[in-house]
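Text of run.txt, listed as compact mmCIF, C-alpha atoms and all ligand atoms:
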# COMPACT_ATOMS: atom_id res chain seq x y z
CA MET A 507 172.11 99.66 152.78
CA LYS A 508 169.04 97.86 151.35
CA VAL A 509 169.37 97.23 147.63
CA GLY A 510 166.79 96.23 145.04
CA ILE A 511 168.08 94.42 141.96
CA LEU A 512 166.11 94.69 138.74
CA GLY A 513 167.57 92.51 136.01
CA GLY A 514 166.15 92.73 132.53
CA THR A 515 166.71 92.35 128.84
CA PHE A 516 165.33 95.90 128.63
CA ASP A 517 164.46 95.59 124.94
CA PRO A 518 163.39 98.36 125.40
CA PRO A 519 163.18 99.47 129.05
CA HIS A 520 159.91 101.26 129.84
CA PHE A 521 157.81 103.04 132.46
CA ALA A 522 156.60 99.79 134.09
CA HIS A 523 160.22 98.86 134.88
CA LYS A 524 160.65 102.21 136.55
CA GLU A 525 157.35 101.95 138.37
CA ILE A 526 158.06 98.51 139.89
CA ALA A 527 161.45 99.86 140.99
CA TYR A 528 159.79 102.88 142.67
CA ARG A 529 157.17 100.73 144.34
CA SER A 530 159.91 98.45 145.67
CA LEU A 531 161.87 101.41 147.02
CA ASN A 532 158.88 102.84 148.77
CA GLN A 533 157.18 99.70 150.03
CA PHE A 534 160.32 97.95 151.31
CA ASN A 535 162.35 100.99 152.38
CA LEU A 536 165.15 100.28 149.96
CA ASP A 537 168.03 102.72 149.60
CA LYS A 538 168.54 102.13 145.92
CA VAL A 539 167.61 99.94 142.97
CA LEU A 540 170.30 98.53 140.72
CA PHE A 541 169.22 98.00 137.11
CA ILE A 542 171.19 95.19 135.47
CA PRO A 543 170.79 94.84 131.70
CA THR A 544 171.43 91.23 130.68
CA GLY A 545 174.38 90.47 128.43
CA PHE A 546 172.88 87.63 126.41
CA SER A 547 169.26 86.75 127.26
CA TRP A 548 169.46 83.12 126.18
CA GLN A 549 165.71 82.54 126.63
CA LYS A 550 164.78 85.52 124.45
CA ASP A 551 165.32 86.43 120.86
CA SER A 552 166.74 89.93 121.06
CA SER A 553 168.64 91.40 118.16
CA VAL A 554 169.46 94.63 119.97
CA SER A 555 173.04 94.89 121.20
CA TYR A 556 173.95 95.02 124.87
CA LYS A 557 175.42 98.48 124.25
CA LYS A 558 172.12 99.88 123.01
CA ARG A 559 170.02 98.19 125.71
CA TYR A 560 172.43 99.52 128.33
CA ALA A 561 172.24 103.02 126.83
CA MET A 562 168.41 102.98 126.78
CA THR A 563 168.32 101.80 130.39
CA SER A 564 170.72 104.58 131.44
CA LEU A 565 168.44 107.11 129.76
CA LEU A 566 165.34 105.66 131.44
CA ILE A 567 166.81 106.19 134.91
CA GLU A 568 168.64 109.45 134.16
CA ASN A 569 168.38 111.97 137.04
CA GLU A 570 166.92 109.40 139.44
CA SER A 571 169.20 109.56 142.44
CA ARG A 572 168.10 106.23 143.93
CA PHE A 573 168.45 104.25 140.69
CA GLU A 574 171.79 102.94 139.42
CA ILE A 575 172.85 100.85 136.48
CA SER A 576 175.38 98.02 136.53
CA ASN A 577 177.44 96.66 133.65
CA ILE A 578 178.21 93.43 135.49
CA GLU A 579 176.54 91.40 132.72
CA ASN A 580 178.48 93.03 129.90
CA ASN A 581 179.26 89.86 128.00
CA GLN A 582 177.27 88.96 124.91
CA ASP A 583 179.41 85.97 124.02
CA GLU A 584 177.95 83.60 126.59
CA PRO A 585 174.47 83.19 128.08
CA THR A 586 173.82 85.35 131.11
CA TYR A 587 173.02 83.46 134.29
CA THR A 588 171.55 85.37 137.21
CA ALA A 589 173.02 82.92 139.71
CA ASN A 590 176.52 83.88 138.50
CA THR A 591 175.72 87.58 138.63
CA LEU A 592 174.38 87.40 142.17
CA GLU A 593 177.39 85.40 143.28
CA LYS A 594 179.70 88.05 141.78
CA LEU A 595 177.76 90.89 143.38
CA SER A 596 178.35 89.23 146.73
CA LEU A 597 175.66 91.17 148.57
CA ASP A 598 174.29 90.50 152.03
CA LYS A 599 171.05 88.51 151.59
CA ASP A 600 169.39 90.32 154.51
CA CYS A 601 169.66 93.58 152.55
CA SER A 602 169.24 92.38 148.94
CA PHE A 603 165.95 92.12 147.08
CA PHE A 604 165.59 90.73 143.56
CA ILE A 605 162.65 92.37 141.79
CA LEU A 606 160.68 90.27 139.33
CA GLY A 607 157.48 90.53 137.35
CA ALA A 608 155.06 87.66 137.90
CA ASP A 609 155.71 86.21 134.41
CA ALA A 610 159.41 85.96 135.11
CA ALA A 611 158.66 84.57 138.58
CA LEU A 612 156.61 81.72 137.08
CA GLY A 613 159.54 80.79 134.85
CA ILE A 614 162.28 80.92 137.44
CA LYS A 615 162.66 77.15 137.66
CA SER A 616 163.93 77.20 134.05
CA TRP A 617 166.85 79.44 135.00
CA HIS A 618 170.34 78.02 135.19
CA ASN A 619 171.12 76.84 138.74
CA TYR A 620 167.90 78.39 140.00
CA GLU A 621 168.04 76.42 143.23
CA ILE A 622 170.86 78.56 144.59
CA LEU A 623 169.31 81.97 143.86
CA ASP A 624 167.84 82.32 147.31
CA ASN A 625 171.28 81.96 148.85
CA PHE A 626 171.92 85.51 147.67
CA VAL A 627 168.67 87.50 147.71
CA GLN A 628 165.10 87.82 148.90
CA PHE A 629 162.39 88.16 146.24
CA LEU A 630 159.85 90.86 145.46
CA ILE A 631 157.23 90.02 142.84
CA ALA A 632 155.19 92.55 140.88
CA PRO A 633 151.74 91.38 139.76
CA ARG A 634 150.92 90.96 136.08
CA PRO A 635 147.48 90.89 134.44
CA ASP A 636 146.32 87.28 134.00
CA ILE A 637 148.57 85.83 136.71
CA ASN A 638 147.07 85.14 140.10
CA ILE A 639 148.60 84.50 143.49
CA THR A 640 147.60 80.83 143.36
CA GLN A 641 149.85 80.34 140.33
CA ILE A 642 152.74 82.12 142.02
CA GLU A 643 152.24 80.00 145.14
CA GLU A 644 152.29 76.90 142.98
CA TYR A 645 155.29 77.65 140.76
CA PHE A 646 157.57 80.05 142.62
CA PRO A 647 159.98 77.98 144.69
CA PHE A 648 161.10 80.55 147.29
CA ASP A 649 159.61 82.88 149.88
CA TYR A 650 158.57 86.19 148.38
CA LYS A 651 156.72 89.41 149.03
CA ILE A 652 154.27 90.97 146.61
CA ILE A 653 154.91 94.50 145.37
CA SER A 654 151.48 96.01 145.75
CA GLY A 655 149.80 98.37 143.34
CA GLU A 656 147.74 98.41 140.23
CA GLU A 657 148.84 95.96 137.52
CA LEU A 658 150.75 97.65 134.73
CA ASP A 659 149.64 96.47 131.33
CA MET A 660 152.86 97.23 129.45
CA SER A 661 155.60 95.09 127.96
CA SER A 662 158.67 95.41 125.75
CA THR A 663 157.02 93.09 123.20
CA GLN A 664 154.00 95.39 122.96
CA ILE A 665 156.26 98.43 122.59
CA ARG A 666 158.26 96.83 119.77
CA SER A 667 155.00 96.14 117.98
CA PHE A 668 153.95 99.78 118.50
CA ILE A 669 157.24 100.84 116.88
CA THR A 670 156.63 98.55 113.89
CA ASN A 671 153.18 100.05 113.49
CA ASN A 672 154.31 103.67 113.95
CA ARG A 673 152.14 104.14 117.01
CA SER A 674 152.86 106.73 119.69
CA LEU A 675 155.25 105.63 122.44
CA THR A 676 154.80 108.54 124.81
CA ALA A 677 152.66 106.58 127.29
CA HIS A 678 155.34 103.90 127.56
CA LEU A 679 158.76 105.53 127.25
CA PRO A 680 160.30 108.86 128.23
CA GLU A 681 161.22 111.29 125.46
CA ASN A 682 164.99 110.67 125.76
CA VAL A 683 164.54 106.91 125.16
CA ILE A 684 162.19 107.54 122.21
CA GLN A 685 164.75 109.92 120.72
CA PHE A 686 167.57 107.39 121.16
CA ILE A 687 165.50 104.67 119.48
CA GLN A 688 164.83 106.97 116.52
CA GLU A 689 168.34 108.41 116.16
CA GLU A 690 170.07 105.04 116.50
CA SER A 691 167.46 103.13 114.47
CA VAL A 692 167.33 100.60 117.31
CA TYR A 693 164.29 98.78 115.90
P1 LIG A 701 162.51 92.15 130.88
O1 LIG A 701 161.50 91.54 129.99
O2 LIG A 701 163.33 93.26 130.35
O3 LIG A 701 161.78 92.64 132.21
C1 LIG A 701 162.51 92.95 133.37
C2 LIG A 701 161.67 92.65 134.60
O4 LIG A 701 160.58 93.57 134.65
C3 LIG A 701 161.08 91.24 134.53
O5 LIG A 701 161.14 90.66 135.81
C4 LIG A 701 159.65 91.52 134.09
O6 LIG A 701 158.74 90.55 134.52
C5 LIG A 701 159.37 92.84 134.78
N1 LIG A 701 158.28 93.57 134.11
C6 LIG A 701 158.28 94.07 132.86
N2 LIG A 701 157.11 94.69 132.59
C7 LIG A 701 156.36 94.57 133.72
C8 LIG A 701 155.05 94.99 134.06
N3 LIG A 701 154.26 95.65 133.18
N4 LIG A 701 154.58 94.68 135.29
C9 LIG A 701 155.38 94.00 136.17
N5 LIG A 701 156.63 93.57 135.90
C10 LIG A 701 157.12 93.85 134.68
O7 LIG A 701 163.53 91.07 131.46
P2 LIG A 701 163.63 89.48 131.30
O8 LIG A 701 164.24 89.16 130.00
O9 LIG A 701 162.34 88.85 131.68
O10 LIG A 701 164.72 89.16 132.45
C11 LIG A 701 164.41 89.33 133.82
C12 LIG A 701 165.56 88.77 134.66
O11 LIG A 701 165.52 87.35 134.59
C13 LIG A 701 166.96 89.18 134.14
O12 LIG A 701 167.77 89.48 135.24
C14 LIG A 701 167.44 87.93 133.45
O13 LIG A 701 168.86 87.79 133.42
C15 LIG A 701 166.82 86.88 134.36
N6 LIG A 701 166.80 85.55 133.72
C16 LIG A 701 167.76 84.68 134.08
C17 LIG A 701 167.82 83.45 133.50
C18 LIG A 701 168.93 82.50 133.92
O14 LIG A 701 169.10 81.45 133.39
N7 LIG A 701 169.69 82.81 134.91
C19 LIG A 701 166.90 83.08 132.53
C20 LIG A 701 165.90 84.00 132.18
C21 LIG A 701 165.86 85.26 132.79
P3 LIG A 701 157.69 89.84 133.51
O15 LIG A 701 158.39 88.63 133.02
O16 LIG A 701 156.53 89.57 134.38
O17 LIG A 701 157.41 90.81 132.41
Show how you would write the structure in this file as structure tokens.
Amino acid sequence: MKVGILGGTFDPPHFAHKEIAYRSLNQFNLDKVLFIPTGFSWQKDSSVSYKKRYAMTSLLIENESRFEISNIENNQDEPTYTANTLEKLSLDKDCSFFILGADAALGIKSWHNYEILDNFVQFLIAPRPDINITQIEEYFPFDYKIISGEELDMSSTQIRSFITNNRSLTAHLPENVIQFIQEESVY
């Protein structure tokens, strides 16, 4: 079974997350993609609880038979380290693909114990506007494959700013996630 792993703060999760997961499934013949909301994103400043980020991610992938969610990082008391998560998952590297956006890929050397990440997984990188292959070649320390397709100009930061400014979210989030954000006053 070939598994894609999409870790994220998911603050909030959005259509681009889903799209890079679909592209990975289709382009690399994966059987499923596992979405892993981070417990405590120590490099980010999120005030939204794990519980709410997990709930929004579940809603995003609702009714998608080849997407699953994992609560393996359900611990907000300590920083989340991907190296620990991958070790715990104990997957076969030949069949495991960590999915990253190009921004995250450029920062991977700042991750805790980053050197050991490629003991556990292969890497798939989704392009981002303003990041070119030369930069990825320069900064990404492992072999990787590019997830092809049009760049998706969408981010959680942008969506949070849309919420602050009462702008429509329908191009970025499905209705069930929008409803959850409103009912639970997430932002
Ligand atoms: P995020 O903002 O919620 O995004 C999740 C993933 O989707 C990221 O790889 C992100 O890449 C990608 N993405 C989002 N929008 C995209 C778009 N429009 N086009 C293409 N890709 C897009 O998650 P995050 O906070 O960056 O965390 C990502 C993973 O890195 C998590 O598993 C986290 O635990 C891990 N991490 C680990 C450490 C450590 O020390 N072990 C430190 C930091 C992060 P972009 O960055 O390109 O948006």
Please, which residues have at least one atom within 7 Å of an atom of ligand LIG 701 (chain A), using all atoms listed in the file, listed as number ranges by chain?
A: 512-517, 519, 522-523, 526, 542, 544, 547-550, 586-589, 605-611, 616-618, 620, 632-634, 657-662
Export, as a CSV table (one decimal), in the frame of the given file, the selected residues with C-alpha atoms.
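Okay, this is what ended up in part23.csv:
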chain,number,residue,atom,x,y,z
A,512,LEU,CA,166.1,94.7,138.7
A,513,GLY,CA,167.6,92.5,136.0
A,514,GLY,CA,166.2,92.7,132.5
A,515,THR,CA,166.7,92.4,128.8
A,516,PHE,CA,165.3,95.9,128.6
A,517,ASP,CA,164.5,95.6,124.9
A,519,PRO,CA,163.2,99.5,129.0
A,522,ALA,CA,156.6,99.8,134.1
A,523,HIS,CA,160.2,98.9,134.9
A,526,ILE,CA,158.1,98.5,139.9
A,542,ILE,CA,171.2,95.2,135.5
A,544,THR,CA,171.4,91.2,130.7
A,547,SER,CA,169.3,86.8,127.3
A,548,TRP,CA,169.5,83.1,126.2
A,549,GLN,CA,165.7,82.5,126.6
A,550,LYS,CA,164.8,85.5,124.4
A,586,THR,CA,173.8,85.4,131.1
A,587,TYR,CA,173.0,83.5,134.3
A,588,THR,CA,171.6,85.4,137.2
A,589,ALA,CA,173.0,82.9,139.7
A,605,ILE,CA,162.6,92.4,141.8
A,606,LEU,CA,160.7,90.3,139.3
A,607,GLY,CA,157.5,90.5,137.4
A,608,ALA,CA,155.1,87.7,137.9
A,609,ASP,CA,155.7,86.2,134.4
A,610,ALA,CA,159.4,86.0,135.1
A,611,ALA,CA,158.7,84.6,138.6
A,616,SER,CA,163.9,77.2,134.0
A,617,TRP,CA,166.8,79.4,135.0
A,618,HIS,CA,170.3,78.0,135.2
A,620,TYR,CA,167.9,78.4,140.0
A,632,ALA,CA,155.2,92.6,140.9
A,633,PRO,CA,151.7,91.4,139.8
A,634,ARG,CA,150.9,91.0,136.1
A,657,GLU,CA,148.8,96.0,137.5
A,658,LEU,CA,150.8,97.6,134.7
A,659,ASP,CA,149.6,96.5,131.3
A,660,MET,CA,152.9,97.2,129.4
A,661,SER,CA,155.6,95.1,128.0
A,662,SER,CA,158.7,95.4,125.8
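The residue that comes closest to Pro647 (chain A), out of A:Val627, A:Leu612, A:Ile687, A:Ile669 and on the basis of all atoms listed in the file, is A:Leu612.
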Using only C-alpha atoms, which residues sit within 12 Å of Lys524 (chain A) once same-chain residues fewer than 4 positions away are excluded, as an MDAnalysis selection string?
chainID A and resid 512:514 516 519:520 528:531 539:541 563:568 570 572:574 605 632 658 660 678:680
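Closest approach to Leu595 (chain A) among A:Glu689, A:Glu579, A:Glu621, A:Asp649 is made by A:Glu579 (distances from only C-alpha atoms).
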Compare A:Phe646, A:Val554, A:Gln628, A:Thr591 by their minimum atom-to-atom distance to Ile614 (chain A), counting all atoms listed in the file, and give me the closest one.
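Checking each candidate against Ile614 (chain A), we get A:Phe646 as the closest.
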Pick from A:Ser654, A:Phe546, A:Cys601, A:Gln688: nearest to Lys508 (chain A), with only C-alpha atoms counted?
A:Cys601
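The interatomic distance for the pair CA of Phe534 (chain A) and CA of Gly655 (chain A) works out to 13.2 Å.
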Separation of CA of Glu525 (chain A) and CA of Met507 (chain A), in Å?
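Calculated distance between CA of Glu525 (chain A) and CA of Met507 (chain A) is 20.8 Å.
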One decimal, in Å: what's the spacing between CA of Glu681 (chain A) and CA of Phe521 (chain A)?
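We find that CA of Glu681 (chain A) and CA of Phe521 (chain A) lie 11.3 Å from each other.
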From the options A:Gly510, A:Tyr693, A:Lys615, A:Asn590, which residue's atoms come nearest to Thr663 (chain A), counting all atoms listed in the file?
A:Tyr693
Can you list, as a ChimeraX atom specification, every protein, DNA or RNA residue that comes within 9 Å of Phe629 (chain A) when you count only C-alpha atoms, leaving out same-chain residues fewer than 4 positions away?
/A:602-606,624,648-652
I need the chosen residues saved as a compact mmCIF listing (two decimals), in the coordinates of the input, with C-alpha atoms.
# COMPACT_ATOMS: atom_id res chain seq x y z
CA SER A 602 169.24 92.38 148.94
CA PHE A 603 165.95 92.12 147.08
CA PHE A 604 165.59 90.73 143.56
CA ILE A 605 162.65 92.37 141.79
CA LEU A 606 160.68 90.27 139.33
CA ASP A 624 167.84 82.32 147.31
CA PHE A 648 161.10 80.55 147.29
CA ASP A 649 159.61 82.88 149.88
CA TYR A 650 158.57 86.19 148.38
CA LYS A 651 156.72 89.41 149.03
CA ILE A 652 154.27 90.97 146.61
If you count all atoms listed in the file, the residue of A:Asn532, A:Thr670, A:Asn581, A:Ser571 closest to Tyr556 (chain A) turns out to be A:Asn581
